[in-house]
Amino acid sequence: MLKTLFSRIRVHSIAAVLIIVMSNWANAVDPVSNWDSASGLKPDEISEPYEIFNNSGVQPALDAGKLIINTTTNSQNVGYIQREPLVDPSRKFTATVNMRLASGISTSPFRAPVGIFTTIAPSVGLILWIDIDRVFFGVDRLVNGPISNVDTDDAMHTYRIEHDGAGNFTLFHDDIEILSATAWESSQDHGLVRRFLFGDGSSHAHGVSEWSLVNHNFLDPIFRDSFEELGQ
């Protein structure tokens with residue numbers, strides 16, 4: 001009888017340990033920000049939300065499984081941004097974007113209708129510009145880095161940005177390496193806090209872009225955990 005009792009206690013103890021371990025595993029969240037249009041949510045509606053910036057008067061819309069950002073004049077800016085302490089892009093990271101520039105016009109050779117902005121330290125960062133059939137990193141306010149002529153408007157394409165943690169960036173277009181550049185300093189272009197944003201962020205271009213995916217792995221895990229514990 002005692003042997004049976006101890007066996008039952010041992011079984012229940014093991015089961016309890018397994019439940020705790022599985023519960024902790026289920027609750028563990030890798031510090032990855034993932035917005036996917038297939039979720040039916042906009043970037044400002046996910047659990048670690050982006051802030052929307054918009055002076056156009058027209059809200060981005062989900063249509064046919066894609067998020068549509070539309071600006072009709074150079075003065076209009078529409079997009080989404082995450083700032084510190086929610087994000088820390090100073091570290092080594094990978095950011096992946098799937099999108100198409102449906103149409104666009106730029107009045108400056110140094111700007112484009114779509115920008116992906118990364119600020120890794122106050123006033124220090126890099127901007128990837130996506131124009132019709134060309135992409136380029138800005139390497140100063142009015143200086144372009146190398147330009148790659150790739151399709152940007154005929155189909156959705158995946159842009160993967162890799163940062164080595166020391167200010168050096170590499171761009172892949174549909175898994176093919178096409179560009180590299182180094183972060184540079186400008187408070188006017190990069191702002192005073194670490195941040196990541198995408199959309200139309202130029203006053204010299206406008207257009208229509210379609211987005212299906214934006215993810216990265218530079219959420220700050222300490223702040224993220226505090227953010228979730230507070231139920232924000």
# chains A, B, ... in the order shown; residues from 1 in each chain; ligands from 1
call {"tool": "select_by_dssp", "arguments": {"residues": "segment 41-229 of chain A", "states": "strand (DSSP E)", "output": "ChimeraX atom specification"}}
result
/A:51-54,61-63,66-70,78-83,93-106,114-121,124-131,134-140,143-148,157-163,168-173,176-182,184-185,195-200,205-216
call {"tool": "residues_around", "arguments": {"residues": "segment 139-149 of chain A", "least_positions_apart": "4", "cutoff": "7 Å", "atoms": "only C-alpha atoms", "output": "count of residues only"}}
result
8
call {"tool": "residues_around", "arguments": {"residues": "Asp63 of chain A", "least_positions_apart": "2", "cutoff": "12 Å", "atoms": "only C-alpha atoms", "output": "PyMOL selection string"}}
result
chain A and resi 37-38+40-42+60-61+65-69+209-212
call {"tool": "residues_around", "arguments": {"residues": "segment 53-55 of chain A", "least_positions_apart": "4", "cutoff": "8 Å", "atoms": "only C-alpha atoms", "output": "list in words"}}
result
Gln59, Gln76, Asn77, Val78, Gly79, Tyr80 and Ile81 of chain A
call {"tool": "select_by_dssp", "arguments": {"residues": "segment 12-232 of chain A", "states": "helix (DSSP H, G or I)", "output": "VMD selection string"}}
result
chain A and resid 12 to 27 37 to 39 43 to 45 187 to 190 221 to 229
call {"tool": "residues_around", "arguments": {"residues": "Leu213 of chain A", "least_positions_apart": "3", "cutoff": "6 Å", "atoms": "only C-alpha atoms", "output": "list in words"}}
result
Trp35, Asp36, Val97 and Asn98 of chain A
call {"tool": "closest_atom_pairs", "arguments": {"of": "segment 173-210 of chain A", "to": "segment 101-106 of chain A", "cutoff": "10 Å", "atoms": "only C-alpha atoms", "output": "Markdown table"}}
result
| residue | atom | partner | partner_atom | distance |
| --- | --- | --- | --- | --- |
| A:Ser202 | CA | A:Ser106 | CA | 9.1 |
| A:Ser203 | CA | A:Ser106 | CA | 9.3 |
| A:His204 | CA | A:Ser106 | CA | 5.9 |
| A:Ala205 | CA | A:Ser106 | CA | 4.1 |
| A:His206 | CA | A:Ile105 | CA | 5.7 |
| A:Gly207 | CA | A:Gly104 | CA | 3.9 |
| A:Val208 | CA | A:Ser103 | CA | 5.2 |
| A:Ser209 | CA | A:Leu101 | CA | 4.4 |
| A:Glu210 | CA | A:Leu101 | CA | 6.4 |
call {"tool": "residues_around", "arguments": {"residues": "Asp88 of chain A", "least_positions_apart": "4", "cutoff": "12 Å", "atoms": "only C-alpha atoms", "output": "ChimeraX atom specification"}}
result
/A:31-33,82-84,92-93,118-122,163,165,193-196,216-224
call {"tool": "residues_around", "arguments": {"residues": "Ile176 of chain A", "least_positions_apart": "3", "cutoff": "10 Å", "atoms": "only C-alpha atoms", "output": "CSV table (one decimal) with C-alpha atoms, in the first residue's frame"}}
result
chain,number,residue,atom,x,y,z
A,158,THR,CA,11.0,40.7,-49.9
A,159,TYR,CA,13.6,43.2,-48.6
A,160,ARG,CA,15.8,41.8,-45.7
A,171,LEU,CA,20.3,44.6,-48.0
A,172,PHE,CA,18.9,41.5,-49.7
A,173,HIS,CA,16.3,41.6,-52.4
A,179,LEU,CA,23.6,46.7,-51.3
call {"tool": "atom_distance", "arguments": {"atom1": "atom CA of Glu48 of chain A", "atom2": "atom CA of Leu128 of chain A"}}
result
23.1 Å
call {"tool": "atom_distance", "arguments": {"atom1": "atom CA of Val58 of chain A", "atom2": "atom CA of Ile46 of chain A"}}
result
20.5 Å
call {"tool": "atom_distance", "arguments": {"atom1": "atom CA of Thr72 of chain A", "atom2": "atom CA of Asp200 of chain A"}}
result
10.7 Å
